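Novice: For reference, this is protein.pdb, and it has PDB, N, CA and C atoms.
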```
ATOM      1  N   MET N   1      -8.643  -9.990 -26.027
ATOM      2  CA  MET N   1      -8.953 -10.777 -27.198
ATOM      3  C   MET N   1      -8.816 -12.263 -26.874
ATOM      4  N   LYS N   2      -7.753 -12.606 -26.120
ATOM      5  CA  LYS N   2      -7.538 -14.013 -25.785
ATOM      6  C   LYS N   2      -8.662 -14.537 -24.902
ATOM      7  N   ARG N   3      -9.124 -13.694 -23.970
ATOM      8  CA  ARG N   3     -10.188 -14.135 -23.077
ATOM      9  C   ARG N   3     -11.485 -14.358 -23.838
ATOM     10  N   THR N   4     -11.759 -13.514 -24.824
ATOM     11  CA  THR N   4     -12.973 -13.678 -25.621
ATOM     12  C   THR N   4     -12.919 -14.976 -26.410
ATOM     13  N   LEU N   5     -11.769 -15.241 -27.025
ATOM     14  CA  LEU N   5     -11.624 -16.486 -27.781
ATOM     15  C   LEU N   5     -11.705 -17.706 -26.868
ATOM     16  N   LEU N   6     -11.094 -17.595 -25.695
ATOM     17  CA  LEU N   6     -11.146 -18.706 -24.752
ATOM     18  C   LEU N   6     -12.577 -18.953 -24.291
ATOM     19  N   GLY N   7     -13.311 -17.867 -24.019
ATOM     20  CA  GLY N   7     -14.714 -18.007 -23.603
ATOM     21  C   GLY N   7     -15.565 -18.627 -24.697
ATOM     22  N   ALA N   8     -15.326 -18.203 -25.941
ATOM     23  CA  ALA N   8     -16.083 -18.781 -27.050
ATOM     24  C   ALA N   8     -15.742 -20.257 -27.239
ATOM     25  N   ALA N   9     -14.468 -20.603 -27.092
ATOM     26  CA  ALA N   9     -14.066 -22.006 -27.231
ATOM     27  C   ALA N   9     -14.681 -22.865 -26.130
ATOM     28  N   MET N  10     -14.723 -22.338 -24.919
ATOM     29  CA  MET N  10     -15.309 -23.108 -23.818
ATOM     30  C   MET N  10     -16.816 -23.271 -24.012
ATOM     31  N   ALA N  11     -17.485 -22.218 -24.461
ATOM     32  CA  ALA N  11     -18.917 -22.319 -24.704
ATOM     33  C   ALA N  11     -19.191 -23.299 -25.837
ATOM     34  N   GLY N  12     -18.364 -23.269 -26.877
ATOM     35  CA  GLY N  12     -18.525 -24.208 -27.982
ATOM     36  C   GLY N  12     -18.311 -25.648 -27.547
ATOM     37  N   SER N  13     -17.296 -25.850 -26.693
ATOM     38  CA  SER N  13     -17.051 -27.220 -26.214
ATOM     39  C   SER N  13     -18.187 -27.692 -25.320
ATOM     40  N   LEU N  14     -18.794 -26.758 -24.584
ATOM     41  CA  LEU N  14     -19.931 -27.126 -23.749
ATOM     42  C   LEU N  14     -21.108 -27.574 -24.610
ATOM     43  N   LEU N  15     -21.356 -26.866 -25.701
ATOM     44  CA  LEU N  15     -22.464 -27.235 -26.580
ATOM     45  C   LEU N  15     -22.203 -28.541 -27.315
ATOM     46  N   VAL N  16     -20.942 -28.774 -27.677
ATOM     47  CA  VAL N  16     -20.611 -29.994 -28.415
ATOM     48  C   VAL N  16     -20.687 -31.210 -27.503
ATOM     49  N   THR N  17     -20.262 -31.067 -26.266
ATOM     50  CA  THR N  17     -20.210 -32.224 -25.372
ATOM     51  C   THR N  17     -21.566 -32.596 -24.802
ATOM     52  N   MET N  18     -22.539 -31.699 -24.873
ATOM     53  CA  MET N  18     -23.861 -32.048 -24.350
ATOM     54  C   MET N  18     -24.522 -33.047 -25.304
ATOM     55  N   THR N  19     -24.939 -34.123 -24.759
ATOM     56  CA  THR N  19     -25.585 -35.164 -25.571
ATOM     57  C   THR N  19     -27.093 -35.038 -25.460
ATOM     58  N   PRO N  20     -27.842 -35.458 -26.480
ATOM     59  CA  PRO N  20     -29.299 -35.364 -26.388
ATOM     60  C   PRO N  20     -29.875 -36.311 -25.338
ATOM     61  N   GLY N  21     -29.146 -37.320 -24.964
ATOM     62  CA  GLY N  21     -29.644 -38.259 -23.963
ATOM     63  C   GLY N  21     -29.251 -37.829 -22.561
ATOM     64  N   ALA N  22     -29.521 -36.578 -22.196
ATOM     65  CA  ALA N  22     -29.145 -36.071 -20.882
ATOM     66  C   ALA N  22     -29.971 -36.752 -19.807
ATOM     67  N   GLN N  23     -29.441 -36.769 -18.641
ATOM     68  CA  GLN N  23     -30.147 -37.392 -17.536
ATOM     69  C   GLN N  23     -31.348 -36.529 -17.164
ATOM     70  N   ALA N  24     -32.413 -37.147 -16.749
ATOM     71  CA  ALA N  24     -33.664 -36.437 -16.477
ATOM     72  C   ALA N  24     -33.618 -35.686 -15.152
ATOM     73  N   ARG N  25     -32.788 -36.090 -14.231
ATOM     74  CA  ARG N  25     -32.849 -35.471 -12.905
ATOM     75  C   ARG N  25     -32.267 -34.066 -12.865
ATOM     76  N   ASP N  26     -31.181 -33.773 -13.603
ATOM     77  CA  ASP N  26     -30.616 -32.420 -13.566
ATOM     78  C   ASP N  26     -30.468 -31.811 -14.952
ATOM     79  N   GLY N  27     -30.690 -32.534 -16.016
ATOM     80  CA  GLY N  27     -30.681 -31.994 -17.361
ATOM     81  C   GLY N  27     -29.308 -31.817 -17.965
ATOM     82  N   ILE N  28     -28.233 -32.248 -17.290
ATOM     83  CA  ILE N  28     -26.887 -32.106 -17.821
ATOM     84  C   ILE N  28     -26.252 -33.491 -17.860
ATOM     85  N   GLY N  29     -25.685 -33.830 -19.016
ATOM     86  CA  GLY N  29     -25.011 -35.115 -19.150
ATOM     87  C   GLY N  29     -23.634 -35.076 -18.510
ATOM     88  N   PRO N  30     -22.946 -36.205 -18.464
ATOM     89  CA  PRO N  30     -21.627 -36.239 -17.837
ATOM     90  C   PRO N  30     -20.602 -35.353 -18.551
ATOM     91  N   GLY N  31     -20.695 -35.258 -19.872
ATOM     92  CA  GLY N  31     -19.766 -34.396 -20.608
ATOM     93  C   GLY N  31     -20.021 -32.918 -20.323
ATOM     94  N   GLY N  32     -21.294 -32.561 -20.248
ATOM     95  CA  GLY N  32     -21.656 -31.177 -19.940
ATOM     96  C   GLY N  32     -21.244 -30.792 -18.534
ATOM     97  N   ALA N  33     -21.393 -31.728 -17.599
ATOM     98  CA  ALA N  33     -20.981 -31.456 -16.223
ATOM     99  C   ALA N  33     -19.473 -31.248 -16.144
ATOM    100  N   ALA N  34     -18.720 -32.046 -16.907
ATOM    101  CA  ALA N  34     -17.265 -31.882 -16.924
ATOM    102  C   ALA N  34     -16.886 -30.527 -17.529
ATOM    103  N   ALA N  35     -17.585 -30.150 -18.609
ATOM    104  CA  ALA N  35     -17.292 -28.856 -19.237
ATOM    105  C   ALA N  35     -17.631 -27.707 -18.300
ATOM    106  N   LEU N  36     -18.743 -27.811 -17.579
ATOM    107  CA  LEU N  36     -19.091 -26.771 -16.612
ATOM    108  C   LEU N  36     -18.079 -26.703 -15.473
ATOM    109  N   GLY N  37     -17.584 -27.847 -15.056
ATOM    110  CA  GLY N  37     -16.561 -27.855 -14.001
ATOM    111  C   GLY N  37     -15.276 -27.185 -14.452
ATOM    112  N   VAL N  38     -14.856 -27.476 -15.690
ATOM    113  CA  VAL N  38     -13.639 -26.848 -16.228
ATOM    114  C   VAL N  38     -13.851 -25.350 -16.375
ATOM    115  N   LEU N  39     -15.021 -24.964 -16.900
ATOM    116  CA  LEU N  39     -15.316 -23.547 -17.087
ATOM    117  C   LEU N  39     -15.357 -22.800 -15.750
ATOM    118  N   GLY N  40     -15.993 -23.414 -14.758
ATOM    119  CA  GLY N  40     -16.024 -22.786 -13.424
ATOM    120  C   GLY N  40     -14.643 -22.692 -12.804
ATOM    121  N   GLY N  41     -13.831 -23.722 -12.993
ATOM    122  CA  GLY N  41     -12.466 -23.696 -12.458
ATOM    123  C   GLY N  41     -11.623 -22.619 -13.108
ATOM    124  N   LEU N  42     -11.773 -22.463 -14.417
ATOM    125  CA  LEU N  42     -11.035 -21.401 -15.109
ATOM    126  C   LEU N  42     -11.491 -20.020 -14.659
ATOM    127  N   ALA N  43     -12.794 -19.852 -14.462
ATOM    128  CA  ALA N  43     -13.312 -18.552 -14.038
ATOM    129  C   ALA N  43     -12.816 -18.204 -12.635
ATOM    130  N   ILE N  44     -12.871 -19.161 -11.727
ATOM    131  CA  ILE N  44     -12.407 -18.906 -10.360
ATOM    132  C   ILE N  44     -10.894 -18.716 -10.336
ATOM    133  N   GLY N  45     -10.170 -19.505 -11.103
ATOM    134  CA  GLY N  45      -8.710 -19.334 -11.170
ATOM    135  C   GLY N  45      -8.311 -17.987 -11.744
ATOM    136  N   GLY N  46      -9.028 -17.526 -12.767
ATOM    137  CA  GLY N  46      -8.750 -16.204 -13.334
ATOM    138  C   GLY N  46      -9.043 -15.095 -12.348
ATOM    139  N   ALA N  47     -10.121 -15.243 -11.573
ATOM    140  CA  ALA N  47     -10.451 -14.217 -10.574
ATOM    141  C   ALA N  47      -9.390 -14.160  -9.488
ATOM    142  N   ILE N  48      -8.904 -15.298  -9.051
ATOM    143  CA  ILE N  48      -7.857 -15.326  -8.024
ATOM    144  C   ILE N  48      -6.561 -14.739  -8.569
ATOM    145  N   ALA N  49      -6.210 -15.087  -9.792
ATOM    146  CA  ALA N  49      -4.969 -14.583 -10.380
ATOM    147  C   ALA N  49      -5.027 -13.080 -10.606
ATOM    148  N   SER N  50      -6.172 -12.556 -11.030
ATOM    149  CA  SER N  50      -6.259 -11.119 -11.278
ATOM    150  C   SER N  50      -6.322 -10.327  -9.982
ATOM    151  N   SER N  51      -6.753 -10.940  -8.888
ATOM    152  CA  SER N  51      -6.773 -10.210  -7.622
ATOM    153  C   SER N  51      -5.365 -10.026  -7.060
ATOM    154  N   GLN N  52      -4.408 -10.810  -7.515
ATOM    155  CA  GLN N  52      -3.030 -10.689  -7.038
ATOM    156  C   GLN N  52      -2.262  -9.597  -7.769
ATOM    157  N   ASN N  53      -2.788  -9.070  -8.862
ATOM    158  CA  ASN N  53      -2.113  -8.044  -9.644
ATOM    159  C   ASN N  53      -2.243  -6.706  -8.932
ATOM    160  N   ASN N  54      -1.118  -6.014  -8.751
ATOM    161  CA  ASN N  54      -1.168  -4.736  -8.047
ATOM    162  C   ASN N  54      -1.072  -3.552  -8.994
ATOM    163  N   GLY N  55      -1.308  -3.702 -10.265
ATOM    164  CA  GLY N  55      -1.463  -2.575 -11.149
ATOM    165  C   GLY N  55      -0.296  -2.261 -12.061
ATOM    166  N   TYR N  56       0.883  -2.756 -11.786
ATOM    167  CA  TYR N  56       1.995  -2.481 -12.689
ATOM    168  C   TYR N  56       2.897  -3.700 -12.762
ATOM    169  N   TYR N  57       3.653  -3.778 -13.841
ATOM    170  CA  TYR N  57       4.566  -4.889 -14.023
ATOM    171  C   TYR N  57       5.670  -4.788 -12.993
ATOM    172  N   PRO N  58       5.895  -5.819 -12.184
ATOM    173  CA  PRO N  58       6.838  -5.690 -11.070
ATOM    174  C   PRO N  58       8.295  -5.559 -11.489
ATOM    175  N   GLY N  59       8.618  -5.816 -12.764
ATOM    176  CA  GLY N  59       9.998  -5.717 -13.186
ATOM    177  C   GLY N  59      10.440  -4.301 -13.505
ATOM    178  N   ARG N  60       9.496  -3.398 -13.734
ATOM    179  CA  ARG N  60       9.856  -2.031 -14.100
ATOM    180  C   ARG N  60       9.862  -1.143 -12.863
ATOM    181  N   PRO N  61      10.881  -0.311 -12.712
ATOM    182  CA  PRO N  61      10.872   0.596 -11.555
ATOM    183  C   PRO N  61       9.843   1.712 -11.764
ATOM    184  N   VAL N  62       9.259   2.120 -10.691
ATOM    185  CA  VAL N  62       8.285   3.195 -10.730
ATOM    186  C   VAL N  62       8.959   4.442 -10.189
ATOM    187  N   TYR N  63       9.032   5.494 -11.009
ATOM    188  CA  TYR N  63       9.684   6.728 -10.590
ATOM    189  C   TYR N  63       8.632   7.700 -10.096
ATOM    190  N   ARG N  64       8.860   8.188  -8.898
ATOM    191  CA  ARG N  64       8.013   9.238  -8.355
ATOM    192  C   ARG N  64       8.883  10.442  -8.077
ATOM    193  N   GLU N  65       8.418  11.582  -8.502
ATOM    194  CA  GLU N  65       9.181  12.807  -8.335
ATOM    195  C   GLU N  65       9.233  13.175  -6.854
ATOM    196  N   PRO N  66      10.415  13.533  -6.338
ATOM    197  CA  PRO N  66      10.495  13.879  -4.923
ATOM    198  C   PRO N  66       9.761  15.183  -4.625
ATOM    199  N   ARG N  67       9.334  15.315  -3.389
ATOM    200  CA  ARG N  67       8.641  16.520  -2.975
ATOM    201  C   ARG N  67       9.627  17.687  -2.946
ATOM    202  N   PRO N  68       9.182  18.878  -3.300
ATOM    203  CA  PRO N  68      10.099  20.018  -3.284
ATOM    204  C   PRO N  68      10.473  20.399  -1.854
ATOM    205  N   VAL N  69      11.718  20.748  -1.679
ATOM    206  CA  VAL N  69      12.216  21.153  -0.371
ATOM    207  C   VAL N  69      12.766  22.564  -0.513
ATOM    208  N   TYR N  70      12.283  23.440   0.336
ATOM    209  CA  TYR N  70      12.737  24.824   0.291
ATOM    210  C   TYR N  70      13.676  25.062   1.468
ATOM    211  N   VAL N  71      14.904  25.462   1.150
ATOM    212  CA  VAL N  71      15.921  25.675   2.175
ATOM    213  C   VAL N  71      16.337  27.125   2.129
ATOM    214  N   GLU N  72      16.302  27.764   3.287
ATOM    215  CA  GLU N  72      16.783  29.134   3.362
ATOM    216  C   GLU N  72      18.290  29.095   3.571
ATOM    217  N   GLU N  73      19.006  29.702   2.653
ATOM    218  CA  GLU N  73      20.458  29.702   2.750
ATOM    219  C   GLU N  73      20.909  30.823   3.666
ATOM    220  N   GLU N  74      21.828  30.473   4.543
ATOM    221  CA  GLU N  74      22.391  31.477   5.438
ATOM    222  C   GLU N  74      23.510  32.219   4.714
ATOM    223  N   VAL N  75      23.569  33.501   4.954
ATOM    224  CA  VAL N  75      24.634  34.305   4.377
ATOM    225  C   VAL N  75      25.730  34.407   5.434
ATOM    226  N   CYS N  76      26.868  33.807   5.144
ATOM    227  CA  CYS N  76      27.970  33.782   6.106
ATOM    228  C   CYS N  76      29.198  34.456   5.496
ATOM    229  N   HIS N  77      30.003  35.019   6.369
ATOM    230  CA  HIS N  77      31.269  35.598   5.936
ATOM    231  C   HIS N  77      32.270  35.490   7.085
ATOM    232  N   MET N  78      33.521  35.713   6.774
ATOM    233  CA  MET N  78      34.589  35.626   7.775
ATOM    234  C   MET N  78      34.976  37.038   8.207
ATOM    235  N   GLU N  79      35.138  37.202   9.506
ATOM    236  CA  GLU N  79      35.594  38.480  10.061
ATOM    237  C   GLU N  79      36.818  38.239  10.924
ATOM    238  N   ARG N  80      37.619  39.277  10.995
ATOM    239  CA  ARG N  80      38.775  39.226  11.896
ATOM    240  C   ARG N  80      38.397  39.961  13.176
ATOM    241  N   ARG N  81      38.508  39.261  14.291
ATOM    242  CA  ARG N  81      38.166  39.863  15.581
ATOM    243  C   ARG N  81      39.371  39.729  16.514
ATOM    244  N   GLY N  82      39.572  40.775  17.210
ATOM    245  CA  GLY N  82      40.682  40.772  18.164
ATOM    246  C   GLY N  82      40.169  40.659  19.591
ATOM    247  N   TYR N  83      40.993  40.052  20.454
ATOM    248  CA  TYR N  83      40.645  39.970  21.866
ATOM    249  C   TYR N  83      41.944  39.987  22.675
ATOM    250  N   ILE N  84      41.796  40.313  23.908
ATOM    251  CA  ILE N  84      42.944  40.381  24.815
ATOM    252  C   ILE N  84      42.758  39.276  25.847
ATOM    253  N   ASP N  85      43.792  38.442  25.996
ATOM    254  CA  ASP N  85      43.681  37.316  26.924
ATOM    255  C   ASP N  85      43.985  37.768  28.351
ATOM    256  N   ALA N  86      43.996  36.833  29.279
ATOM    257  CA  ALA N  86      44.184  37.128  30.701
ATOM    258  C   ALA N  86      45.582  37.684  31.000
ATOM    259  N   TYR N  87      46.553  37.452  30.133
ATOM    260  CA  TYR N  87      47.908  37.933  30.359
ATOM    261  C   TYR N  87      48.160  39.292  29.713
ATOM    262  N   GLY N  88      47.138  39.847  29.040
ATOM    263  CA  GLY N  88      47.271  41.153  28.422
ATOM    264  C   GLY N  88      47.765  41.115  27.000
ATOM    265  N   ASP N  89      47.870  39.958  26.408
ATOM    266  CA  ASP N  89      48.320  39.848  25.025
ATOM    267  C   ASP N  89      47.114  39.971  24.090
ATOM    268  N   GLU N  90      47.322  40.658  22.985
ATOM    269  CA  GLU N  90      46.251  40.826  22.010
ATOM    270  C   GLU N  90      46.381  39.745  20.938
ATOM    271  N   HIS N  91      45.257  39.093  20.645
ATOM    272  CA  HIS N  91      45.208  38.038  19.628
ATOM    273  C   HIS N  91      44.153  38.409  18.598
ATOM    274  N   ILE N  92      44.439  38.085  17.345
ATOM    275  CA  ILE N  92      43.455  38.311  16.280
ATOM    276  C   ILE N  92      43.052  36.944  15.732
ATOM    277  N   ARG N  93      41.760  36.744  15.679
ATOM    278  CA  ARG N  93      41.211  35.448  15.281
ATOM    279  C   ARG N  93      40.211  35.661  14.143
ATOM    280  N   ARG N  94      40.194  34.706  13.193
ATOM    281  CA  ARG N  94      39.176  34.724  12.135
ATOM    282  C   ARG N  94      37.941  33.994  12.642
ATOM    283  N   VAL N  95      36.780  34.637  12.525
ATOM    284  CA  VAL N  95      35.530  34.083  13.048
ATOM    285  C   VAL N  95      34.503  34.076  11.911
ATOM    286  N   ARG N  96      33.779  32.980  11.807
ATOM    287  CA  ARG N  96      32.712  32.883  10.812
ATOM    288  C   ARG N  96      31.438  33.483  11.408
ATOM    289  N   VAL N  97      30.848  34.451  10.687
ATOM    290  CA  VAL N  97      29.660  35.137  11.145
ATOM    291  C   VAL N  97      28.537  34.889  10.135
ATOM    292  N   CYS N  98      27.414  34.355  10.626
ATOM    293  CA  CYS N  98      26.256  34.089   9.767
ATOM    294  C   CYS N  98      25.119  34.992  10.165
ATOM    295  N   GLU N  99      24.454  35.557   9.188
ATOM    296  CA  GLU N  99      23.349  36.459   9.460
ATOM    297  C   GLU N  99      22.036  35.762   9.293
TER     298      GLU N  99
END
```
Write the structure described by the file as structure tokens, please.
Specialist:
Amino acid sequence: MKRTLLGAAMAGSLLVTMTPGAQARDGIGPGGAAALGVLGGLAIGGAIASSQNNGYYPGRPVYREPRPVYVEEEVCHMERRGYIDAYGDEHIRRVRVCE
């Protein structure tokens, strides 16, 4: 809405500033040339400013859902295992066994 009003205001100012005594060589008086320069500058400035916009307001965080990760859980349990050492003594040890 603001751009439409601004465009209409600039076009209106261009029509108002054009004098009937325009120069014969290019058909635009000094006021009209100034209005065209301002209008062209605004158009080019708006194009440059809008090309810098990357699509979202930079102050708000953008949340993206993480990708699903599938993990196979190992089934583990503790067992008691006995062994005989080099001296002939028997030892019982708890060992974690995963399937």
Novice: Taking the backbone alone, and naming residues the way the document does, which bits of stretch 33-98 of chain N are alpha helix (DSSP H) by DSSP, as a PyMOL selection string?
Specialist: chain N and resi 33-51
Novice: Now that the selection is made, can you save its residues with N, CA and C atoms as a PDB file, in the frame of the given file?
Specialist:
```
ATOM      1  N   ALA N  33     -21.393 -31.728 -17.599  1.00  0.00           N
ATOM      2  CA  ALA N  33     -20.981 -31.456 -16.223  1.00  0.00           C
ATOM      3  C   ALA N  33     -19.473 -31.248 -16.144  1.00  0.00           C
ATOM      4  N   ALA N  34     -18.720 -32.046 -16.907  1.00  0.00           N
ATOM      5  CA  ALA N  34     -17.265 -31.882 -16.924  1.00  0.00           C
ATOM      6  C   ALA N  34     -16.886 -30.527 -17.529  1.00  0.00           C
ATOM      7  N   ALA N  35     -17.585 -30.150 -18.609  1.00  0.00           N
ATOM      8  CA  ALA N  35     -17.292 -28.856 -19.237  1.00  0.00           C
ATOM      9  C   ALA N  35     -17.631 -27.707 -18.300  1.00  0.00           C
ATOM     10  N   LEU N  36     -18.743 -27.811 -17.579  1.00  0.00           N
ATOM     11  CA  LEU N  36     -19.091 -26.771 -16.612  1.00  0.00           C
ATOM     12  C   LEU N  36     -18.079 -26.703 -15.473  1.00  0.00           C
ATOM     13  N   GLY N  37     -17.584 -27.847 -15.056  1.00  0.00           N
ATOM     14  CA  GLY N  37     -16.561 -27.855 -14.001  1.00  0.00           C
ATOM     15  C   GLY N  37     -15.276 -27.185 -14.452  1.00  0.00           C
ATOM     16  N   VAL N  38     -14.856 -27.476 -15.690  1.00  0.00           N
ATOM     17  CA  VAL N  38     -13.639 -26.848 -16.228  1.00  0.00           C
ATOM     18  C   VAL N  38     -13.851 -25.350 -16.375  1.00  0.00           C
ATOM     19  N   LEU N  39     -15.021 -24.964 -16.900  1.00  0.00           N
ATOM     20  CA  LEU N  39     -15.316 -23.547 -17.087  1.00  0.00           C
ATOM     21  C   LEU N  39     -15.357 -22.800 -15.750  1.00  0.00           C
ATOM     22  N   GLY N  40     -15.993 -23.414 -14.758  1.00  0.00           N
ATOM     23  CA  GLY N  40     -16.024 -22.786 -13.424  1.00  0.00           C
ATOM     24  C   GLY N  40     -14.643 -22.692 -12.804  1.00  0.00           C
ATOM     25  N   GLY N  41     -13.831 -23.722 -12.993  1.00  0.00           N
ATOM     26  CA  GLY N  41     -12.466 -23.696 -12.458  1.00  0.00           C
ATOM     27  C   GLY N  41     -11.623 -22.619 -13.108  1.00  0.00           C
ATOM     28  N   LEU N  42     -11.773 -22.463 -14.417  1.00  0.00           N
ATOM     29  CA  LEU N  42     -11.035 -21.401 -15.109  1.00  0.00           C
ATOM     30  C   LEU N  42     -11.491 -20.020 -14.659  1.00  0.00           C
ATOM     31  N   ALA N  43     -12.794 -19.852 -14.462  1.00  0.00           N
ATOM     32  CA  ALA N  43     -13.312 -18.552 -14.038  1.00  0.00           C
ATOM     33  C   ALA N  43     -12.816 -18.204 -12.635  1.00  0.00           C
ATOM     34  N   ILE N  44     -12.871 -19.161 -11.727  1.00  0.00           N
ATOM     35  CA  ILE N  44     -12.407 -18.906 -10.360  1.00  0.00           C
ATOM     36  C   ILE N  44     -10.894 -18.716 -10.336  1.00  0.00           C
ATOM     37  N   GLY N  45     -10.170 -19.505 -11.103  1.00  0.00           N
ATOM     38  CA  GLY N  45      -8.710 -19.334 -11.170  1.00  0.00           C
ATOM     39  C   GLY N  45      -8.311 -17.987 -11.744  1.00  0.00           C
ATOM     40  N   GLY N  46      -9.028 -17.526 -12.767  1.00  0.00           N
ATOM     41  CA  GLY N  46      -8.750 -16.204 -13.334  1.00  0.00           C
ATOM     42  C   GLY N  46      -9.043 -15.095 -12.348  1.00  0.00           C
ATOM     43  N   ALA N  47     -10.121 -15.243 -11.573  1.00  0.00           N
ATOM     44  CA  ALA N  47     -10.451 -14.217 -10.574  1.00  0.00           C
ATOM     45  C   ALA N  47      -9.390 -14.160  -9.488  1.00  0.00           C
ATOM     46  N   ILE N  48      -8.904 -15.298  -9.051  1.00  0.00           N
ATOM     47  CA  ILE N  48      -7.857 -15.326  -8.024  1.00  0.00           C
ATOM     48  C   ILE N  48      -6.561 -14.739  -8.569  1.00  0.00           C
ATOM     49  N   ALA N  49      -6.210 -15.087  -9.792  1.00  0.00           N
ATOM     50  CA  ALA N  49      -4.969 -14.583 -10.380  1.00  0.00           C
ATOM     51  C   ALA N  49      -5.027 -13.080 -10.606  1.00  0.00           C
ATOM     52  N   SER N  50      -6.172 -12.556 -11.030  1.00  0.00           N
ATOM     53  CA  SER N  50      -6.259 -11.119 -11.278  1.00  0.00           C
ATOM     54  C   SER N  50      -6.322 -10.327  -9.982  1.00  0.00           C
ATOM     55  N   SER N  51      -6.753 -10.940  -8.888  1.00  0.00           N
ATOM     56  CA  SER N  51      -6.773 -10.210  -7.622  1.00  0.00           C
ATOM     57  C   SER N  51      -5.365 -10.026  -7.060  1.00  0.00           C
TER      58      SER N  51
END
```
Novice: Box for stretch 34-42 of chain N: with edges along x, y and z, all listed atoms inside and 3 Å added on each side, what are the centre and edge lengths in Å to one decimal, as JSON?
Specialist:
```
{"center_x": -15.1, "center_y": -26.0, "center_z": -15.8, "size_x": 14.1, "size_y": 18.0, "size_z": 12.8}
```
Novice: Record the distance separating atom CA of N:Glu99 and atom CA of N:Glu79, expressed in Å with one decimal.
Specialist: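 It comes out at 12.4 Å.
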Novice: Got a sec to check which residues sit within 6.5 Å of (39.6, 36.5, 12.0), counting only N, CA and C atoms, and write them as a ChimeraX atom specification?
Specialist: /N:78-81,92-95
Novice: Show me, as an MDAnalysis selection string, the residues that have an atom within 6 Å of N:His91 when counting only N, CA and C atoms, minus same-chain residues fewer than 5 positions from it.
Specialist: chainID N and resid 81:85
Novice: Calculate how many Å separate atom C of N:Pro61 from atom C of N:Ala49, rounding to one decimal.
Specialist: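 The value is 21.0 Å.
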Novice: So the first atom is atom N of N:Val97 and the second is atom C of N:Cys76; what is the distance between them in Å, to one decimal place?
Specialist: 5.4 Å
